[in-house]
>>> print(open('coords05.cif').read())   # mmCIF, C-alpha atoms
data_target
#
loop_
_atom_site.label_atom_id
_atom_site.label_comp_id
_atom_site.auth_asym_id
_atom_site.auth_seq_id
_atom_site.Cartn_x
_atom_site.Cartn_y
_atom_site.Cartn_z
CA MET A 75 11.95 22.99 -46.45
CA ILE A 76 14.75 21.19 -44.63
CA GLY A 77 14.52 23.85 -41.94
CA LYS A 78 10.82 23.05 -41.47
CA ILE A 79 11.57 19.34 -41.25
CA LEU A 80 14.33 19.92 -38.71
CA LEU A 81 12.02 22.22 -36.75
CA GLY A 82 9.36 19.48 -36.81
CA MET A 83 11.93 16.94 -35.63
CA THR A 84 13.06 19.19 -32.81
CA LEU A 85 9.50 19.93 -31.70
CA THR A 86 8.54 16.25 -31.82
CA THR A 87 11.60 15.33 -29.78
CA ALA A 88 10.90 18.09 -27.26
CA VAL A 89 7.26 17.02 -26.89
CA VAL A 90 8.23 13.38 -26.32
CA LEU A 91 11.04 14.24 -23.89
CA LYS A 92 8.99 16.75 -21.91
CA ASP A 93 6.38 14.46 -20.39
CA GLY A 94 7.12 10.98 -21.72
CA ILE A 95 4.86 8.62 -23.60
CA ILE A 96 1.50 7.08 -22.77
CA GLU A 97 1.25 3.55 -24.10
CA VAL A 98 -1.96 1.57 -24.51
CA ASN A 99 -1.84 -1.95 -25.90
CA VAL A 100 -4.99 -4.05 -26.06
CA GLN A 101 -4.98 -7.43 -27.76
CA GLU A 102 -8.16 -9.50 -27.94
CA LYS A 103 -7.48 -13.22 -27.88
CA ARG A 104 -10.45 -14.43 -29.93
CA ASP A 105 -9.97 -15.25 -33.59
CA GLY A 106 -9.96 -12.04 -35.56
CA GLY A 107 -9.87 -10.04 -32.34
CA SER A 108 -8.72 -6.48 -32.56
CA HIS A 109 -5.32 -5.20 -31.57
CA VAL A 110 -4.92 -1.59 -30.53
CA HIS A 111 -1.46 -0.30 -29.79
CA LEU A 112 -1.03 3.42 -29.19
CA TYR A 113 1.89 5.58 -28.26
CA VAL A 114 0.74 9.08 -27.36
CA PRO A 115 3.00 11.86 -26.09
CA ALA A 116 1.81 12.59 -22.55
CA THR A 117 1.99 16.28 -23.37
CA VAL A 118 -1.17 15.75 -25.42
CA ALA A 119 -3.01 14.82 -22.21
CA THR A 120 -1.64 17.79 -20.28
CA VAL A 121 -2.53 20.19 -23.09
CA GLY A 122 -5.90 18.46 -23.54
CA VAL A 123 -7.08 19.70 -20.12
CA HIS A 124 -6.74 23.27 -21.33
CA LEU A 125 -8.40 22.53 -24.66
CA ALA A 126 -11.46 20.77 -23.24
CA PRO A 127 -14.71 22.82 -23.23
CA GLU A 128 -14.51 24.72 -19.95
CA GLU A 129 -18.17 24.41 -18.92
CA ARG A 130 -18.39 20.69 -19.56
CA LEU A 131 -15.08 20.07 -17.81
CA ARG A 132 -16.21 22.06 -14.76
CA GLU A 133 -19.48 20.13 -14.67
CA HIS A 134 -17.62 16.83 -14.63
CA LEU A 135 -15.22 18.07 -11.96
CA ARG A 136 -17.85 19.65 -9.72
CA HIS A 137 -17.85 16.79 -7.21
CA SER A 138 -14.38 15.42 -7.85
CA HIS A 139 -12.28 17.53 -5.48
CA GLU A 140 -11.68 14.72 -3.03
CA HIS A 141 -10.89 12.11 -5.65
CA LEU A 142 -8.49 14.46 -7.40
CA ALA A 143 -6.79 15.22 -4.09
CA ILE A 144 -6.37 11.51 -3.35
CA ALA A 145 -5.01 10.84 -6.83
CA HIS A 146 -2.68 13.82 -6.52
CA ILE A 147 -1.24 12.60 -3.20
CA ALA A 148 -0.94 9.03 -4.44
CA LEU A 149 0.93 10.10 -7.60
CA ARG A 150 3.16 12.50 -5.64
CA GLU A 151 4.15 9.70 -3.25
CA LEU A 152 4.62 7.21 -6.08
CA GLU A 153 7.06 9.60 -7.71
CA LYS A 154 9.25 9.46 -4.61
CA VAL A 155 9.44 5.70 -4.04
CA PRO A 156 11.58 3.25 -6.01
CA ASP A 157 10.12 1.04 -8.72
CA ALA A 158 7.93 -1.71 -7.32
CA VAL A 159 5.14 -4.13 -8.03
CA LEU A 160 2.27 -2.65 -6.03
CA VAL A 161 -0.40 -5.24 -6.70
CA GLU A 162 -0.15 -8.66 -8.27
CA VAL A 163 -2.98 -11.15 -8.61
CA ASP A 164 -2.30 -14.57 -10.05
CA SER A 165 -4.82 -17.27 -10.71
CA PRO A 166 -5.36 -19.86 -13.41
CA ARG A 167 -7.93 -17.47 -14.95
CA GLU A 168 -6.10 -14.17 -14.91
CA HIS A 169 -2.96 -12.31 -14.12
CA VAL A 170 -3.04 -8.68 -13.01
CA ARG A 171 -0.04 -6.55 -12.22
CA VAL A 172 0.10 -2.92 -11.17
CA GLN A 173 3.57 -1.49 -10.83
CA THR A 174 5.78 1.53 -11.17
CA LEU A 175 8.74 1.33 -13.50
CA HIS A 176 11.13 4.03 -14.71
CA GLY A 177 8.76 6.82 -13.69
CA SER A 178 5.69 5.23 -15.23
CA PHE A 179 2.59 3.70 -13.69
CA LEU A 180 1.88 0.39 -15.42
CA VAL A 181 -1.16 -1.84 -15.46
CA ASP A 182 -1.02 -5.26 -17.08
CA VAL A 183 -3.99 -7.58 -17.31
CA ASP A 184 -3.89 -10.97 -18.95
CA ASP A 185 -7.12 -12.97 -18.85
CA ALA A 186 -8.98 -15.37 -21.05
CA GLY A 187 -10.37 -12.63 -23.26
CA GLU A 188 -7.55 -10.19 -23.78
CA THR A 189 -4.24 -8.79 -22.73
CA VAL A 190 -4.09 -5.16 -21.73
CA HIS A 191 -1.02 -3.06 -21.10
CA VAL A 192 -1.25 0.59 -20.07
CA ALA A 193 1.73 2.75 -19.19
CA VAL A 194 1.32 6.33 -18.00
CA PRO A 195 4.21 8.57 -16.95
CA ILE A 196 3.54 9.44 -13.30
CA ARG A 197 4.82 13.00 -13.63
CA ALA A 198 2.52 13.71 -16.56
CA ALA A 199 -0.45 12.13 -14.76
CA ARG A 200 0.25 14.32 -11.72
CA LYS A 201 0.39 17.39 -13.95
CA VAL A 202 -2.97 16.51 -15.47
CA ILE A 203 -4.46 16.02 -11.99
CA GLU A 204 -3.01 19.35 -10.84
CA ASP A 205 -4.51 21.09 -13.86
CA LEU A 206 -7.87 19.41 -13.25
CA GLU A 207 -7.74 20.47 -9.59
CA ALA A 208 -7.12 24.04 -10.69
CA GLU A 209 -10.06 23.86 -13.10
CA ALA A 210 -12.45 22.17 -10.67
CA PRO A 211 -15.02 24.52 -9.15
CA ALA A 212 -15.46 24.48 -5.38
CA SER A 213 -18.21 21.98 -4.52
CA MET B 109 13.79 24.28 -59.95
CA PRO B 110 16.20 21.98 -61.82
CA ALA B 111 15.54 18.25 -61.59
CA SER B 112 18.83 17.53 -59.80
CA GLN B 113 18.05 20.09 -57.10
CA THR B 114 14.55 18.63 -56.63
CA ARG B 115 16.04 15.14 -56.30
CA ARG B 116 18.54 16.47 -53.72
CA THR B 117 15.77 18.16 -51.70
CA VAL B 118 13.62 15.02 -51.77
CA LEU B 119 16.62 12.92 -50.70
CA LEU B 120 17.39 15.28 -47.82
CA ALA B 121 13.73 15.28 -46.76
CA ALA B 122 13.69 11.48 -46.81
CA LEU B 123 16.88 11.39 -44.75
CA ALA B 124 15.41 13.84 -42.25
CA LEU B 125 12.22 11.74 -41.95
CA ALA B 126 14.27 8.57 -41.45
CA ALA B 127 16.31 10.33 -38.78
CA THR B 128 13.08 11.44 -37.04
CA ALA B 129 11.72 7.89 -37.15
CA LEU B 130 15.01 6.54 -35.76
CA LEU B 131 15.07 9.16 -33.02
CA LEU B 132 11.47 8.41 -32.05
CA ALA B 133 12.18 4.68 -32.02
CA VAL B 134 15.10 5.28 -29.64
CA LEU B 135 13.01 7.64 -27.49
CA LEU B 136 10.12 5.22 -27.30
CA ARG B 137 12.49 2.71 -25.80
CA ALA B 138 14.23 5.20 -23.53
CA ALA B 139 11.18 7.19 -22.47
CA PRO B 140 9.19 6.06 -19.43
CA VAL B 141 7.30 3.39 -21.28
CA ALA B 142 7.15 -0.13 -20.01
CA HIS B 143 6.59 -3.38 -21.74
CA ALA B 144 4.54 -6.26 -20.48
CA GLY B 145 7.46 -8.59 -20.08
CA GLN B 146 9.48 -6.30 -17.86
CA THR B 147 9.64 -6.81 -14.13
CA ALA B 148 9.99 -4.12 -11.54
CA ALA B 149 12.17 -5.98 -9.09
CA ASN B 150 15.05 -3.73 -8.27
CA PRO B 151 17.29 -5.08 -5.55
CA GLU B 152 18.98 -1.68 -5.14
CA ALA B 153 15.66 -0.20 -4.08
CA SER B 154 15.71 -2.23 -0.90
CA ALA B 155 18.38 0.12 0.41
CA SER B 156 15.73 2.85 0.59
CA ALA B 157 14.74 3.95 4.08
CA GLU B 158 11.11 3.99 2.98
CA ARG B 159 9.10 1.38 4.84
CA TRP B 160 6.74 -0.87 2.95
CA LEU B 161 3.62 -2.66 4.05
CA HIS B 162 3.21 -6.07 2.43
CA VAL B 163 0.16 -8.27 2.14
CA ALA B 164 0.36 -11.79 0.77
CA VAL B 165 -2.57 -14.11 0.24
CA THR B 166 -1.35 -17.58 -0.67
CA PRO B 167 -3.92 -20.22 -1.57
CA LYS B 168 -3.45 -23.78 -0.41
CA ASP B 169 -5.13 -25.02 -3.55
CA ALA B 170 -3.18 -24.71 -6.82
CA GLY B 171 -6.27 -23.30 -8.50
CA GLY B 172 -6.66 -20.52 -5.96
CA GLU B 173 -5.93 -16.87 -6.35
CA ARG B 174 -2.55 -15.60 -5.19
CA VAL B 175 -2.49 -11.93 -4.22
CA ARG B 176 0.54 -9.77 -3.48
CA VAL B 177 0.26 -6.15 -2.37
CA ASN B 178 3.21 -3.88 -1.61
CA VAL B 179 2.44 -0.37 -0.43
CA PRO B 180 4.92 2.27 0.72
CA PHE B 181 3.95 3.65 4.13
CA SER B 182 4.16 7.21 2.83
CA LEU B 183 1.55 6.39 0.19
CA ALA B 184 -0.75 4.67 2.68
CA ARG B 185 -0.46 7.56 5.13
CA GLY B 186 -0.87 10.22 2.46
CA VAL B 187 -3.93 8.64 0.88
CA LEU B 188 -5.48 7.78 4.23
CA SER B 189 -5.09 11.32 5.50
CA SER B 190 -6.74 12.76 2.40
CA ILE B 191 -9.88 10.62 2.44
CA GLN B 192 -13.03 12.03 3.98
CA GLN B 193 -15.78 9.60 3.23
CA GLY B 194 -18.24 7.69 5.37
CA ARG B 195 -16.69 6.83 8.72
CA LEU B 196 -13.18 7.64 7.54
CA ASP B 197 -12.15 11.22 8.14
CA HIS B 198 -8.54 12.17 7.37
CA GLY B 199 -6.98 9.10 9.00
CA ILE B 200 -9.56 8.79 11.75
CA VAL B 201 -12.22 6.10 11.71
CA HIS B 202 -15.38 6.98 13.58
CA ILE B 203 -16.89 4.09 15.50
CA HIS B 204 -20.12 4.23 17.39
CA ASN B 205 -18.81 2.64 20.55
CA ALA B 206 -15.22 1.95 21.57
CA ARG B 207 -16.41 -0.52 24.18
CA MET B 208 -16.59 -3.89 22.52
CA ASP B 209 -18.73 -6.52 24.22
CA ASP B 210 -18.31 -4.59 27.46
CA VAL B 211 -14.51 -4.72 27.18
CA ASP B 212 -12.93 -1.29 27.53
CA VAL B 213 -9.95 -1.56 25.20
CA ARG B 214 -8.51 1.80 26.31
CA ALA B 215 -8.52 0.80 29.95
CA ILE B 216 -6.84 -2.52 29.15
CA LEU B 217 -4.14 -0.82 27.05
CA LYS B 218 -3.48 1.72 29.77
CA THR B 219 -3.01 -1.07 32.30
CA LEU B 220 -0.89 -3.16 29.95
CA LYS B 221 1.52 -0.29 29.27
CA SER B 222 2.69 -0.23 32.84
CA ALA B 223 2.43 -3.96 33.46
CA GLN B 224 5.26 -6.47 33.16
CA ASP B 225 5.52 -9.04 30.37
CA ALA B 226 3.03 -11.85 30.84
CA GLU B 227 0.01 -13.54 29.37
CA TYR B 228 -2.93 -11.47 30.52
CA VAL B 229 -5.90 -12.97 28.80
CA THR B 230 -6.64 -16.60 28.13
CA VAL B 231 -10.05 -17.63 26.90
CA GLU B 232 -10.61 -21.28 26.19
CA GLY B 233 -14.02 -21.69 24.71
CA ARG B 234 -15.66 -24.58 22.98
CA ASP B 235 -15.06 -23.15 19.53
CA CYS B 236 -12.32 -20.65 20.09
CA THR B 237 -9.16 -20.09 22.11
CA VAL B 238 -7.78 -16.60 22.64
CA HIS B 239 -4.45 -15.62 24.18
CA VAL B 240 -3.39 -12.00 24.74
CA ARG B 241 0.17 -11.47 25.86
CA LYS B 242 2.52 -8.59 26.44
CA GLN B 243 6.11 -9.24 25.49
CA GLY B 244 8.89 -6.69 25.02
CA GLY B 245 6.62 -3.77 24.28
CA MET B 246 4.54 -5.84 21.89
CA LEU B 247 0.94 -6.87 22.18
CA LEU B 248 0.59 -10.45 20.94
CA ILE B 249 -2.84 -11.87 20.19
CA HIS B 250 -3.39 -15.46 19.18
CA VAL B 251 -6.83 -16.70 18.21
CA GLU B 252 -7.49 -20.30 17.35
CA ASP B 253 -10.87 -21.00 15.88
CA LYS B 254 -11.68 -24.64 16.53
CA SER B 255 -15.16 -24.56 15.10
CA GLY B 256 -13.80 -26.39 12.07
CA SER B 257 -13.03 -29.52 14.04
CA ARG B 258 -16.55 -29.47 15.52
CA LYS B 259 -17.99 -29.02 12.05
CA ALA B 260 -15.62 -31.54 10.55
CA ARG B 261 -18.50 -33.46 9.08
CA SER B 262 -19.78 -30.38 7.28
CA GLU B 263 -18.72 -29.80 3.71
CA ASN B 264 -16.73 -26.67 4.51
CA PRO B 265 -14.96 -26.69 7.85
CA SER B 266 -13.63 -23.29 8.87
CA LYS B 267 -10.63 -23.86 11.11
CA GLN B 268 -8.66 -20.68 11.45
CA ASN B 269 -5.59 -19.43 13.27
CA VAL B 270 -4.99 -15.72 13.67
CA ASP B 271 -1.83 -14.13 15.06
CA VAL B 272 -1.53 -10.39 15.53
CA ARG B 273 1.62 -8.57 16.71
CA VAL B 274 1.25 -4.89 17.43
CA PRO B 275 3.68 -2.59 19.26
CA LEU B 276 1.85 -1.36 22.36
CA GLU B 277 2.51 2.26 21.54
CA VAL B 278 0.89 1.71 18.12
CA ALA B 279 -2.17 0.20 19.72
CA ASP B 280 -2.15 3.11 22.14
CA ALA B 281 -1.98 5.60 19.25
CA LEU B 282 -4.88 3.83 17.57
CA PHE B 283 -7.06 4.60 20.59
CA SER B 284 -5.53 8.01 21.27
CA GLY B 285 -8.45 10.05 19.97
CA ALA B 286 -11.96 10.53 21.23
CA SER B 287 -13.82 7.55 22.63
CA ASP B 288 -15.75 7.00 19.43
CA GLU B 289 -12.82 7.02 17.02
CA LEU B 290 -9.77 5.06 15.95
CA ASN B 291 -6.77 7.12 14.96
CA VAL B 292 -5.45 4.91 12.15
CA GLY B 293 -3.25 7.72 10.79
CA ALA B 294 -1.39 8.14 14.09
CA ALA B 295 -1.04 4.36 14.42
CA LEU B 296 0.49 4.11 10.94
CA GLU B 297 2.80 7.01 11.70
CA LEU B 298 4.18 5.21 14.76
CA LEU B 299 4.24 1.82 13.07
CA ALA B 300 6.46 3.21 10.33
CA ARG B 301 9.14 3.99 12.93
CA HIS B 302 9.46 0.35 13.95
CA GLY B 303 11.78 -2.24 12.48
CA ASP B 304 10.88 -5.16 10.25
CA MET B 305 8.08 -7.21 11.72
CA GLU B 306 5.22 -9.52 10.92
CA LEU B 307 1.97 -7.91 11.98
CA VAL B 308 -0.78 -10.33 11.07
CA SER B 309 -0.90 -13.95 10.07
CA VAL B 310 -4.12 -15.78 9.26
CA GLN B 311 -4.32 -19.41 8.30
CA ASP B 312 -7.47 -21.17 7.32
CA GLU B 313 -8.49 -24.10 5.19
CA GLU B 314 -8.15 -22.17 1.95
CA ASN B 315 -5.53 -19.46 2.33
CA THR B 316 -2.62 -18.15 4.29
CA VAL B 317 -2.67 -14.39 4.75
CA ARG B 318 0.38 -12.48 5.95
CA ILE B 319 0.76 -8.77 6.61
CA TRP B 320 4.22 -7.51 7.46
CA MET B 321 6.47 -4.50 7.05
CA ASP B 322 10.09 -3.96 6.07
CA THR B 323 12.22 -1.78 3.83
CA LYS B 324 12.04 -4.05 0.78
CA THR B 325 9.93 -3.20 -2.22
CA THR B 326 9.38 -6.85 -3.03
CA GLN B 327 8.18 -9.91 -1.13
CA ASP B 328 11.17 -12.10 -2.03
#
>>> encode(input="coords05.cif", output="structure tokens")
Amino acid sequence: MIGKILLGMTLTTAVVLKDGIIEVNVQEKRDGGSHVHLYVPATVATVGVHLAPEERLREHLRHSHEHLAIAHIALRELEKVPDAVLVEVDSPREHVRVQTLHGSFLVDVDDAGETVHVAVPIRAARKVIEDLEAEAPAS
Amino acid sequence: MPASQTRRTVLLAALALAATALLLAVLLRAAPVAHAGQTAANPEASASAERWLHVAVTPKDAGGERVRVNVPFSLARGVLSSIQQGRLDHGIVHIHNARMDDVDVRAILKTLKSAQDAEYVTVEGRDCTVHVRKQGGMLLIHVEDKSGSRKARSENPSKQNVDVRVPLEVADALFSGASDELNVGAALELLARHGDMELVSVQDEENTVRIWMDTKTTQD
């Protein structure tokens, strides 16, 4: 039993270390508003591409070659450059920040209705894009 | 199984679960996950040789929208060269006619390249003043839109000053392709080889817009 637990621990650690963590945090500001805070191992996303129904995935990707290529290049270049705030918009109504930090691509939005924080490991996102490119049929 | 052994197994299992939770908590902090309060400013990054293109829109009114954009040249070039949509084709913008208002930009650039530093174009109109100058390998364009002062009685005057500084070889690269295209990719490639410089400055009644390049990742 202890062996199984230790094996589970090791696998969990390996999964988390392999591709990092995707974080999604959405907090509605209205009274009684919902709060969703998720930590998902990015490996789930990379594996998910292979688990998705092949036909439906191919249908969705049929005309996405160019967009996938752009995303792939953008992520590849973002991996190489140091951490930076890429876009920042400040006004009395909202605050938006898009940045890279410690290998993750982060989006933060704070407006009158909600605060949103999304963090995606760039390497894992690039892997997903690469897998999708491989799955996409020629258009 | 004796009760003592069961208790021991349960205790060990609980310890193992606690250890897993602790490990995950540590990993969640150490893994590439960011938190809203963190900032990305990293002064060490400025030592990078990577050149960055910066855009800053600063409102004159406190209630306006302040915009900051910082893009590494490699990203801009890479993305630009991969887009094939509409008039943009892998870094080349197709235009229907390179002659603008009967001004042949290519011919002017060709002449300017071999000419000495001087102010070559001065247009002083009723609403607008334009100066085009060559200075130290740079093409300097200054446009002053005076229509605002003429429309001063209107509710929204539109006075505007525009300054553009472009290395001549970059402008040359921009028009290096066929007559109906602008080679933005080649222009960016050459621009990235230049030192820190302000490229565009626009000032109007509402905002100040600056576009410049340097090796810093931030606008500080």
>>> interface_residues(input="coords05.cif", of="chain A", to="chain B", cutoff="8 Å", atoms="all atoms listed in the file", output="PDB file with C-alpha atoms, in the coordinates of the input")
ATOM      1  CA  MET A  75      11.950  22.990 -46.450  1.00  0.00           C
ATOM      2  CA  ILE A  76      14.750  21.190 -44.630  1.00  0.00           C
ATOM      3  CA  ILE A  79      11.570  19.340 -41.250  1.00  0.00           C
ATOM      4  CA  LEU A  80      14.330  19.920 -38.710  1.00  0.00           C
ATOM      5  CA  MET A  83      11.930  16.940 -35.630  1.00  0.00           C
ATOM      6  CA  THR A  87      11.600  15.330 -29.780  1.00  0.00           C
ATOM      7  CA  VAL A  90       8.230  13.380 -26.320  1.00  0.00           C
ATOM      8  CA  LEU A  91      11.040  14.240 -23.890  1.00  0.00           C
ATOM      9  CA  GLY A  94       7.120  10.980 -21.720  1.00  0.00           C
ATOM     10  CA  ILE A  95       4.860   8.620 -23.600  1.00  0.00           C
ATOM     11  CA  ILE A  96       1.500   7.080 -22.770  1.00  0.00           C
ATOM     12  CA  GLU A  97       1.250   3.550 -24.100  1.00  0.00           C
ATOM     13  CA  GLU A 140     -11.680  14.720  -3.030  1.00  0.00           C
ATOM     14  CA  ALA A 143      -6.790  15.220  -4.090  1.00  0.00           C
ATOM     15  CA  ILE A 144      -6.370  11.510  -3.350  1.00  0.00           C
ATOM     16  CA  ILE A 147      -1.240  12.600  -3.200  1.00  0.00           C
ATOM     17  CA  ALA A 148      -0.940   9.030  -4.440  1.00  0.00           C
ATOM     18  CA  GLU A 151       4.150   9.700  -3.250  1.00  0.00           C
ATOM     19  CA  LEU A 152       4.620   7.210  -6.080  1.00  0.00           C
ATOM     20  CA  VAL A 155       9.440   5.700  -4.040  1.00  0.00           C
ATOM     21  CA  PRO A 156      11.580   3.250  -6.010  1.00  0.00           C
ATOM     22  CA  ASP A 157      10.120   1.040  -8.720  1.00  0.00           C
ATOM     23  CA  ALA A 158       7.930  -1.710  -7.320  1.00  0.00           C
ATOM     24  CA  VAL A 159       5.140  -4.130  -8.030  1.00  0.00           C
ATOM     25  CA  LEU A 160       2.270  -2.650  -6.030  1.00  0.00           C
ATOM     26  CA  VAL A 161      -0.400  -5.240  -6.700  1.00  0.00           C
ATOM     27  CA  GLU A 162      -0.150  -8.660  -8.270  1.00  0.00           C
ATOM     28  CA  VAL A 163      -2.980 -11.150  -8.610  1.00  0.00           C
ATOM     29  CA  ASP A 164      -2.300 -14.570 -10.050  1.00  0.00           C
ATOM     30  CA  SER A 165      -4.820 -17.270 -10.710  1.00  0.00           C
ATOM     31  CA  PRO A 166      -5.360 -19.860 -13.410  1.00  0.00           C
ATOM     32  CA  GLN A 173       3.570  -1.490 -10.830  1.00  0.00           C
ATOM     33  CA  THR A 174       5.780   1.530 -11.170  1.00  0.00           C
ATOM     34  CA  LEU A 175       8.740   1.330 -13.500  1.00  0.00           C
ATOM     35  CA  HIS A 176      11.130   4.030 -14.710  1.00  0.00           C
ATOM     36  CA  GLY A 177       8.760   6.820 -13.690  1.00  0.00           C
ATOM     37  CA  SER A 178       5.690   5.230 -15.230  1.00  0.00           C
ATOM     38  CA  LEU A 180       1.880   0.390 -15.420  1.00  0.00           C
ATOM     39  CA  ASP A 182      -1.020  -5.260 -17.080  1.00  0.00           C
ATOM     40  CA  HIS A 191      -1.020  -3.060 -21.100  1.00  0.00           C
ATOM     41  CA  ALA A 193       1.730   2.750 -19.190  1.00  0.00           C
ATOM     42  CA  VAL A 194       1.320   6.330 -18.000  1.00  0.00           C
ATOM     43  CA  PRO A 195       4.210   8.570 -16.950  1.00  0.00           C
TER      44      PRO A 195
END
>>> atom_distance(input="coords05.cif", atom1="CA of Gln101 (chain A)", atom2="CA of Leu149 (chain A)")
27.4 Å
>>> residues_around(input="coords05.cif", residues="Ala226 (chain B)", least_positions_apart="5", cutoff="12 Å", atoms="only C-alpha atoms", output="MDAnalysis selection string")
chainID B and resid 220:221 239:248
>>> residues_around(input="coords05.cif", residues="Met305 (chain B)", least_positions_apart="2", cutoff="9 Å", atoms="only C-alpha atoms", output="PDB file with C-alpha atoms, in the coordinates of the input")
ATOM      1  CA  ARG B 273       1.620  -8.570  16.710  1.00  0.00           C
ATOM      2  CA  HIS B 302       9.460   0.350  13.950  1.00  0.00           C
ATOM      3  CA  GLY B 303      11.780  -2.240  12.480  1.00  0.00           C
ATOM      4  CA  LEU B 307       1.970  -7.910  11.980  1.00  0.00           C
ATOM      5  CA  TRP B 320       4.220  -7.510   7.460  1.00  0.00           C
ATOM      6  CA  MET B 321       6.470  -4.500   7.050  1.00  0.00           C
ATOM      7  CA  ASP B 322      10.090  -3.960   6.070  1.00  0.00           C
TER       8      ASP B 322
END
>>> resolve_selection(input="coords05.cif", expression="the PyMOL selection byres ((chain A and resi 114-128) around 9)", output="ChimeraX atom specification")
/A:89-98,112-113,129-133,194-195,198-199,201-203,205-206,209
>>> resolve_selection(input="coords05.cif", expression="the PyMOL selection byres ((chain B and resi 233) around 12)", output="PDB file with C-alpha atoms, keeping the file's coordinate frame")
ATOM      1  CA  THR B 230      -6.640 -16.600  28.130  1.00  0.00           C
ATOM      2  CA  VAL B 231     -10.050 -17.630  26.900  1.00  0.00           C
ATOM      3  CA  GLU B 232     -10.610 -21.280  26.190  1.00  0.00           C
ATOM      4  CA  ARG B 234     -15.660 -24.580  22.980  1.00  0.00           C
ATOM      5  CA  ASP B 235     -15.060 -23.150  19.530  1.00  0.00           C
ATOM      6  CA  CYS B 236     -12.320 -20.650  20.090  1.00  0.00           C
ATOM      7  CA  THR B 237      -9.160 -20.090  22.110  1.00  0.00           C
ATOM      8  CA  VAL B 238      -7.780 -16.600  22.640  1.00  0.00           C
ATOM      9  CA  HIS B 239      -4.450 -15.620  24.180  1.00  0.00           C
ATOM     10  CA  VAL B 251      -6.830 -16.700  18.210  1.00  0.00           C
ATOM     11  CA  GLU B 252      -7.490 -20.300  17.350  1.00  0.00           C
ATOM     12  CA  ASP B 253     -10.870 -21.000  15.880  1.00  0.00           C
ATOM     13  CA  LYS B 254     -11.680 -24.640  16.530  1.00  0.00           C
ATOM     14  CA  SER B 255     -15.160 -24.560  15.100  1.00  0.00           C
TER      15      SER B 255
END
>>> atom_distance(input="coords05.cif", atom1="CA of Gly107 (chain A)", atom2="CA of Glu188 (chain A)")
8.9 Å
>>> atom_distance(input="coords05.cif", atom1="CA of Asn269 (chain B)", atom2="CA of Val310 (chain B)")
5.6 Å
>>> closest_residue(input="coords05.cif", among="B:Ile200, B:Leu161, B:Arg318, B:Gly194", to="Gly293 (chain B)", atoms="all atoms listed in the file")
B:Ile200
>>> residues_around(input="coords05.cif", residues="Lys168 (chain B)", least_positions_apart="6", cutoff="9 Å", atoms="only C-alpha atoms", output="JSON list (two decimals) with C-alpha atoms, in the frame of the given file")
[["chain", "number", "residue", "atom", "x", "y", "z"],
["B", 313, "GLU", "CA", -8.49, -24.10, 5.19],
["B", 314, "GLU", "CA", -8.15, -22.17, 1.95],
["B", 315, "ASN", "CA", -5.53, -19.46, 2.33],
["B", 316, "THR", "CA", -2.62, -18.15, 4.29]]
>>> residues_around(input="coords05.cif", residues="Ala295 (chain B)", least_positions_apart="4", cutoff="8 Å", atoms="all atoms listed in the file", output="list of chain:residue names")
B:Val278, B:Ala279, B:Asp280, B:Ala281, B:Leu282, B:Asn291, B:Leu299
